[in-house]
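> To be precise about what I am sending: the file is called protein.pdb and holds PDB, C-alpha atoms and all ligand atoms.
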```pdb
ATOM      1  CA  MET A 134      15.852 -16.429  14.667  1.00  0.00           C
ATOM      2  CA  ALA A 135      13.243 -16.096  11.944  1.00  0.00           C
ATOM      3  CA  SER A 136      14.675 -15.983   8.473  1.00  0.00           C
ATOM      4  CA  VAL A 137      14.075 -12.851   6.465  1.00  0.00           C
ATOM      5  CA  PRO A 138      13.936 -13.127   2.667  1.00  0.00           C
ATOM      6  CA  LEU A 139      17.073 -11.690   1.071  1.00  0.00           C
ATOM      7  CA  LYS A 140      15.033  -9.150  -0.882  1.00  0.00           C
ATOM      8  CA  GLU A 141      13.613  -7.791   2.381  1.00  0.00           C
ATOM      9  CA  GLN A 142      17.043  -7.675   4.017  1.00  0.00           C
ATOM     10  CA  LYS A 143      18.314  -5.508   1.168  1.00  0.00           C
ATOM     11  CA  LYS A 144      15.490  -3.100   1.823  1.00  0.00           C
ATOM     12  CA  GLY A 145      16.709  -2.767   5.390  1.00  0.00           C
ATOM     13  CA  GLY A 146      13.716  -3.973   7.381  1.00  0.00           C
ATOM     14  CA  CYS A 147      11.457  -2.022   9.718  1.00  0.00           C
ATOM     15  CA  GLN A 148      14.343   0.023  11.071  1.00  0.00           C
ATOM     16  CA  CYS A 149      14.668   1.679   7.640  1.00  0.00           C
ATOM     17  CA  CYS A 150      10.950   1.882   6.860  1.00  0.00           C
ATOM     18  CA  ALA A 151       9.216   5.230   6.460  1.00  0.00           C
ATOM     19  CA  TYR A 152       6.334   3.968   8.609  1.00  0.00           C
ATOM     20  CA  VAL A 153       8.312   2.921  11.670  1.00  0.00           C
ATOM     21  CA  LEU A 154       7.774   4.772  14.935  1.00  0.00           C
ATOM     22  CA  GLY A 155      10.069   4.924  17.943  1.00  0.00           C
ATOM     23  CA  GLY A 156      13.686   3.825  17.805  1.00  0.00           C
ATOM     24  CA  ASP A 157      15.036   6.880  19.558  1.00  0.00           C
ATOM     25  CA  THR A 158      16.572   7.260  22.995  1.00  0.00           C
ATOM     26  CA  ALA A 159      13.233   8.099  24.605  1.00  0.00           C
ATOM     27  CA  HIS A 160      11.448   5.156  22.929  1.00  0.00           C
ATOM     28  CA  PRO A 161      14.013   2.564  21.786  1.00  0.00           C
ATOM     29  CA  GLU A 162      11.374  -0.002  20.822  1.00  0.00           C
ATOM     30  CA  LEU A 163      10.122   0.022  17.233  1.00  0.00           C
ATOM     31  CA  HIS A 164       6.442   0.108  16.315  1.00  0.00           C
ATOM     32  CA  CYS A 165       4.664  -0.044  12.965  1.00  0.00           C
ATOM     33  CA  GLY A 166       2.762   3.122  12.100  1.00  0.00           C
ATOM     34  CA  TYR A 167       1.581   1.973   8.663  1.00  0.00           C
ATOM     35  CA  GLU A 168      -2.137   2.065   9.511  1.00  0.00           C
ATOM     36  CA  TYR A 169      -1.685   5.445  11.183  1.00  0.00           C
ATOM     37  CA  PHE A 170      -0.025   6.959   8.132  1.00  0.00           C
ATOM     38  CA  GLN A 171      -2.787   5.659   5.846  1.00  0.00           C
ATOM     39  CA  GLN A 172      -5.176   8.122   7.484  1.00  0.00           C
ATOM     40  CA  ALA A 173      -5.377  11.677   6.194  1.00  0.00           C
ATOM     41  CA  ALA A 174      -3.175  13.934   8.312  1.00  0.00           C
ATOM     42  CA  LYS A 175      -6.212  15.812   9.599  1.00  0.00           C
ATOM     43  CA  ASP A 176      -7.814  12.571  10.829  1.00  0.00           C
ATOM     44  CA  ARG A 177      -4.781  11.254  12.719  1.00  0.00           C
ATOM     45  CA  LYS A 178      -5.237  11.134  16.452  1.00  0.00           C
ATOM     46  CA  VAL A 179      -2.353  11.234  18.885  1.00  0.00           C
ATOM     47  CA  MET A 180      -1.892   7.761  20.340  1.00  0.00           C
ATOM     48  CA  LYS A 181       0.551   6.184  22.752  1.00  0.00           C
ATOM     49  CA  LEU A 182       3.451   4.540  20.983  1.00  0.00           C
ATOM     50  CA  SER A 183       2.624   1.301  22.781  1.00  0.00           C
ATOM     51  CA  SER A 184      -0.734   1.275  20.948  1.00  0.00           C
ATOM     52  CA  PHE A 185       1.038   0.515  17.676  1.00  0.00           C
ATOM     53  CA  PRO A 186       2.133  -3.049  16.864  1.00  0.00           C
ATOM     54  CA  ALA A 187       5.672  -3.789  18.070  1.00  0.00           C
ATOM     55  CA  VAL A 188       8.114  -4.743  15.309  1.00  0.00           C
ATOM     56  CA  GLU A 189      11.734  -5.867  15.163  1.00  0.00           C
ATOM     57  CA  ALA A 190      14.479  -3.940  13.372  1.00  0.00           C
ATOM     58  CA  ASP A 191      15.045  -6.702  10.793  1.00  0.00           C
ATOM     59  CA  GLN A 192      11.357  -7.532  10.351  1.00  0.00           C
ATOM     60  CA  CYS A 193       9.692  -6.511   7.107  1.00  0.00           C
ATOM     61  CA  CYS A 194       6.393  -6.657   5.246  1.00  0.00           C
ATOM     62  CA  ASP A 195       4.931  -5.848   1.824  1.00  0.00           C
ATOM     63  CA  ASN A 196       4.154  -2.296   2.957  1.00  0.00           C
ATOM     64  CA  TRP A 197       7.822  -1.431   3.457  1.00  0.00           C
ATOM     65  CA  CYS A 198       8.667   1.984   2.046  1.00  0.00           C
ATOM     66  CA  SER A 199      11.992   3.796   1.979  1.00  0.00           C
ATOM     67  CA  LYS A 200      12.284   6.749   4.321  1.00  0.00           C
ATOM     68  CA  ASN A 201      13.555   8.680   1.320  1.00  0.00           C
ATOM     69  CA  ALA A 202      10.402   7.922  -0.679  1.00  0.00           C
ATOM     70  CA  ILE A 203       7.945   9.976   1.360  1.00  0.00           C
TER      71      ILE A 203
HETATM   72  S1  LIG B   1       5.816  -3.828   9.545  1.00  0.00           S
HETATM   73 FE1  LIG B   1       6.009  -3.175   7.393  1.00  0.00          FE
HETATM   74  S2  LIG B   1       5.087  -1.145   7.260  1.00  0.00           S
HETATM   75 FE2  LIG B   1       5.438  -1.600   9.425  1.00  0.00          FE
HETATM   76  S3  LIG B   1       7.427  -0.664   9.892  1.00  0.00           S
HETATM   77 FE3  LIG B   1       7.811  -2.800   9.326  1.00  0.00          FE
HETATM   78  S4  LIG B   1       8.206  -2.817   7.118  1.00  0.00           S
HETATM   79 FE4  LIG B   1       7.257  -0.847   7.657  1.00  0.00          FE
END
```
Do you think you could lay out the structure here as C-alpha cells?
Ligand code: SF4


Amino acid sequence: MASVPLKEQKKGGCQCCAYVLGGDTAHPELHCGYEYFQQAAKDRKVMKLSSFPAVEADQCCDNWCSKNAI
C-alpha cells in the first residue's frame, strides 16, 4: 500500500475532497473532477464519470479542498 503523508491523511483524502465525483451506490468508484470544476459552470460539458481520472479514497494531492469550503 502506498504511504500517504500524515498531513494528507488528516485532510481525509479524495473521499473527503470537494472535487471528487462518484462514491455513491450507483457509481461506487471515485473519480477526480478537479479539472472539470476549474471550468466556468457555463462551459462545463456533461461527461461520463469514467472519463475522469480514477482515484482511491485515501489518495490525495495538492488540490485537495474541503467539501465544506466550496
Ligand atoms: S486527486 Fe486531488 S483534487 Fe482530485 S479528488 Fe483527490 S484530492 Fe481532490

> Neighbours of A:Cys198 within 9 Å (all atoms listed in the file; same-chain residues fewer than 6 positions away dropped), as a list in words?

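Result of the neighbour search: Lys144, Cys149, Cys150, Ala151 and Tyr152 of chain A.
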
> For the structure shown, which residues end up in the PyMOL selection byres (((not hetatm)) within 10 of (chain B and resi 1))? Put them as number ranges by chain, please?

A: 141, 144-154, 163-168, 170, 185-200

> Work out how far apart atom CA of A:Tyr169 and atom CA of A:Ser184 are and give it in Å to one decimal.

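Between these atoms lies a distance of 10.7 Å.
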
> Would you give the centre and edge lengths, in Å to one decimal, of a box along x, y and z around the listed atoms of stretch 160-178 of chain A, with 6 Å added to each side, as JSON?


```
{"center_x": 3.1, "center_y": 7.9, "center_z": 14.4, "size_x": 33.8, "size_y": 27.9, "size_z": 29.1}
```
